[in-house]
Amino acid sequence: MAQKVFKNLDEQIELLLNKGLKINDIEYAKEILLRENYFFLMGYRHVFLKPDGRRNFIKGTTFDEIHSLFIFDRKFRNIIFKNLLIVENNYKSIFSYALSKKYGYKERDYLNPNNFDNTKNKTRQINDLLRKLKRQIRVNGSQHQATNHYISNYGYIPMWVGVKVLSFGIISEMFSILKQEDKKKITEIYNIEIDDFEIYLPILANYRNLCAHEDILFNHYTQRMIPDSKYHNLLNIDKTDGEYIYGKNDIFALIIILKYLLTKDDFKMMMNEIIYEIDILSSRIKSIEISKILDVMGFPKNFKEIMYLD
């Protein structure tokens with residue numbers, strides 16, 4: 001297997017020119033490559049490549065277009081991330097309220113293994129999760145003002161404070177070990193079926209981590225598909241072999257999940273911000289249609305209508 005060797009900025013520019021990329025300002029392109037990293041920037045080249053497998057660019061593709069898509073994804077990722085944090089905070093609040101109200105506010109109360117679904121196949125998972133949860137509280141608790149205050153003054157951390165130092169992944173997985181009646185208490189607030197919510201949570205955690213690590217977002221697909229929803233039907237999304245072609249394991253699937261979990265005002269604000277960034281990107285690319293990028297994202301042509309659906 002051929003090894004990847006270091007290429008200086010001039011060699012990187014030459015490589016791109018040889019692939020058919022148009023570079024209007026060489027010095028500006030070098031500055032962008034130095035600041036943003038050739039490898040990460042070229043992660044956005046795929047929608048601009050000819051479909052012949054030779055990795056050559058579509059005629060007329062410019063360096064500025066690839067950079068524009070890179071910037072769009074950064075801004076899009078920031079929009080999604082801040083709304084995922086809203087969802088995370090809401091879920092942690094609802095989760096801790098439901099368990100604290102029923103089981104108590106001290107660790108020995110709300111972390112009692114008997115509070116969870118103690119069917120035979122869940123016992124090991126319960127013990128593993130509780131051990132991870134206690135470790136996160138122990139390691140992170142002293143580093144946050146609120147949790148440190150409770151440890152110092154009361155000797156315990158109530159769950160509604162403790163969730164601040166717990167990862168979304170841990171709290172999401174905790175849902176899977178709750179008793180059925182406790183799951184129902186939480187999902188009734190969102191007006192979502194329990195089975196659907198259990199699928200949504202790991203997808204949300206996956207996207208949260210992706211955004212936090214600044215990975216490419218716009219063309220990310222998850223392994224798990226979300227169930228068909230009323231929004232697939234109301235948007236009249238096309239099907240192939242009985243399966244919706246958009247909104248299953250693409251970015252639009254995440255949009256559908258956020259439609260269920262955000263407030264109407266937060267969701268509308270998010271969509272307006274996304275549409276604004278899409279419009280800017282559309283004005284900056286010429287070698288391909290914006291529809292090609294929206295197709296990769298899983299956005300149907302009438303995606304804006306989801307803002308106004310109940």
# chains A, B, ... in the order shown; residues from 1 in each chain; ligands from 1
>>> closest_atom_pairs(of="region 77-101 of chain A", to="region 115-133 of chain A", cutoff="12 Å", atoms="only C-alpha atoms", output="CSV")
residue,atom,partner,partner_atom,distance
A:Ala98,CA,A:Asn115,CA,11.9
A:Leu99,CA,A:Asn115,CA,8.8
A:Ser100,CA,A:Asn115,CA,11.0
>>> write_last_selection(atoms="C-alpha atoms", output="PDB file, in the first residue's frame")
ATOM      1  CA  ALA A  98     -38.812  12.212  37.185  1.00  0.00           C
ATOM      2  CA  LEU A  99     -36.352  10.023  39.093  1.00  0.00           C
ATOM      3  CA  SER A 100     -35.846  12.421  42.004  1.00  0.00           C
TER       4      SER A 100
END
>>> residues_around(residues="Leu235 (chain A)", least_positions_apart="6", cutoff="10 Å", atoms="only C-alpha atoms", output="JSON list (two decimals) with N, CA and C atoms, in the first residue's frame")
[["chain", "number", "residue", "atom", "x", "y", "z"],
["A", 300, "PRO", "N", -35.47, 17.08, 1.55],
["A", 300, "PRO", "CA", -36.37, 17.11, 0.39],
["A", 300, "PRO", "C", -36.54, 18.54, -0.11],
["A", 301, "LYS", "N", -37.04, 18.71, -1.32],
["A", 301, "LYS", "CA", -37.18, 20.03, -1.91],
["A", 301, "LYS", "C", -38.05, 20.95, -1.06],
["A", 302, "ASN", "N", -39.05, 20.38, -0.41],
["A", 302, "ASN", "CA", -39.98, 21.18, 0.39],
["A", 302, "ASN", "C", -39.63, 21.14, 1.88],
["A", 303, "PHE", "N", -38.34, 20.99, 2.21],
["A", 303, "PHE", "CA", -37.92, 20.81, 3.60],
["A", 303, "PHE", "C", -38.36, 21.96, 4.51],
["A", 304, "LYS", "N", -38.49, 23.16, 3.93],
["A", 304, "LYS", "CA", -38.85, 24.32, 4.75],
["A", 304, "LYS", "C", -40.24, 24.18, 5.38],
["A", 305, "GLU", "N", -41.10, 23.38, 4.76],
["A", 305, "GLU", "CA", -42.46, 23.22, 5.25],
["A", 305, "GLU", "C", -42.53, 22.59, 6.64],
["A", 306, "ILE", "N", -41.47, 21.87, 7.04],
["A", 306, "ILE", "CA", -41.50, 21.20, 8.34],
["A", 306, "ILE", "C", -41.62, 22.21, 9.47],
["A", 309, "LEU", "N", -45.45, 22.56, 10.27],
["A", 309, "LEU", "CA", -46.26, 21.38, 10.55],
["A", 309, "LEU", "C", -46.39, 21.17, 12.07]]
>>> residues_around(residues="region 257-268 of chain A", least_positions_apart="2", cutoff="9 Å", atoms="only C-alpha atoms", output="CSV table (one decimal) with C-alpha atoms, in the first residue's frame")
chain,number,residue,atom,x,y,z
A,83,ASN,CA,-29.8,23.1,19.6
A,84,LEU,CA,-28.5,19.6,20.6
A,86,ILE,CA,-30.7,22.6,24.4
A,87,VAL,CA,-32.2,19.1,23.9
A,90,ASN,CA,-34.0,19.6,28.7
A,91,TYR,CA,-33.7,15.9,28.7
A,190,TYR,CA,-42.4,14.9,24.7
A,191,ASN,CA,-45.5,13.2,23.3
A,192,ILE,CA,-43.3,10.5,21.8
A,200,TYR,CA,-33.6,8.8,19.1
A,204,LEU,CA,-28.6,12.4,19.3
A,226,ILE,CA,-35.4,6.4,12.7
A,252,PHE,CA,-32.9,15.4,7.8
A,253,ALA,CA,-33.6,12.5,10.2
A,254,LEU,CA,-31.9,14.5,12.9
A,255,ILE,CA,-34.1,17.5,11.9
A,270,MET,CA,-33.1,26.8,14.2
A,271,MET,CA,-34.6,26.3,10.8
A,272,ASN,CA,-34.5,30.0,9.9
A,273,GLU,CA,-30.8,30.0,10.7
A,306,ILE,CA,-41.5,21.2,8.3
A,307,MET,CA,-41.4,24.5,10.3
A,308,TYR,CA,-45.1,24.9,9.9
A,310,ASP,CA,-47.8,20.4,13.9
>>> atom_distance(atom1="CA of Met159 (chain A)", atom2="CA of Asn89 (chain A)")
13.1 Å
>>> atom_distance(atom1="CA of Tyr44 (chain A)", atom2="CA of Asn219 (chain A)")
9.2 Å
>>> atom_distance(atom1="CA of Asn78 (chain A)", atom2="CA of Cys211 (chain A)")
7.5 Å
>>> residues_around(residues="Phe72 (chain A)", least_positions_apart="3", cutoff="10 Å", atoms="only C-alpha atoms", output="ChimeraX atom specification")
/A:66-69,75-78,218,274,277-278,280-281
>>> select_by_dssp(residues="region 11-249 of chain A", states="strand (DSSP E)", output="list in words")
Lys239, Thr240, Glu243 and Tyr244 of chain A
>>> write_last_selection(atoms="C-alpha atoms", output="PDB file, in the first residue's frame")
ATOM      1  CA  LYS A 239     -40.175   6.204  -1.456  1.00  0.00           C
ATOM      2  CA  THR A 240     -38.012   3.567  -3.079  1.00  0.00           C
ATOM      3  CA  GLU A 243     -38.697   3.051   2.102  1.00  0.00           C
ATOM      4  CA  TYR A 244     -38.554   6.830   2.410  1.00  0.00           C
TER       5      TYR A 244
END
>>> select_by_dssp(residues="region 149-269 of chain A", states="alpha helix (DSSP H)", output="PyMOL selection string")
chain A and resi 149-153+159-162+168-175+180-190+194-212+230-234+251-261+264-269
>>> residues_around(residues="Ile32 (chain A)", least_positions_apart="3", cutoff="10 Å", atoms="only C-alpha atoms", output="PyMOL selection string")
chain A and resi 26-29+35-38+41+63-64+67
>>> residues_around(residues="Asp250 (chain A)", least_positions_apart="4", cutoff="9 Å", atoms="only C-alpha atoms", output="ChimeraX atom specification")
/A:218-222,225,246,254,296-299
>>> write_last_selection(atoms="C-alpha atoms", output="PDB file, in the first residue's frame")
ATOM      1  CA  PHE A 218     -23.673  17.797   6.324  1.00  0.00           C
ATOM      2  CA  ASN A 219     -23.144  14.343   4.749  1.00  0.00           C
ATOM      3  CA  HIS A 220     -23.098  12.264   7.929  1.00  0.00           C
ATOM      4  CA  TYR A 221     -25.257   9.134   8.001  1.00  0.00           C
ATOM      5  CA  THR A 222     -26.015   7.132  11.134  1.00  0.00           C
ATOM      6  CA  MET A 225     -32.628   4.531  11.001  1.00  0.00           C
ATOM      7  CA  TYR A 246     -34.982  11.097   2.930  1.00  0.00           C
ATOM      8  CA  LEU A 254     -31.928  14.521  12.884  1.00  0.00           C
ATOM      9  CA  VAL A 296     -26.627  14.558   0.241  1.00  0.00           C
ATOM     10  CA  MET A 297     -28.038  16.065   3.446  1.00  0.00           C
ATOM     11  CA  GLY A 298     -31.316  14.210   2.915  1.00  0.00           C
ATOM     12  CA  PHE A 299     -33.288  17.447   2.637  1.00  0.00           C
TER      13      PHE A 299
END
>>> closest_residue(among="A:Lys164, A:Lys82, A:Lys22, A:Arg108", to="Asn140 (chain A)", atoms="only C-alpha atoms")
A:Lys164
>>> closest_residue(among="A:Phe175, A:Tyr103, A:Tyr150, A:Phe81", to="Ala212 (chain A)", atoms="only C-alpha atoms")
A:Phe81
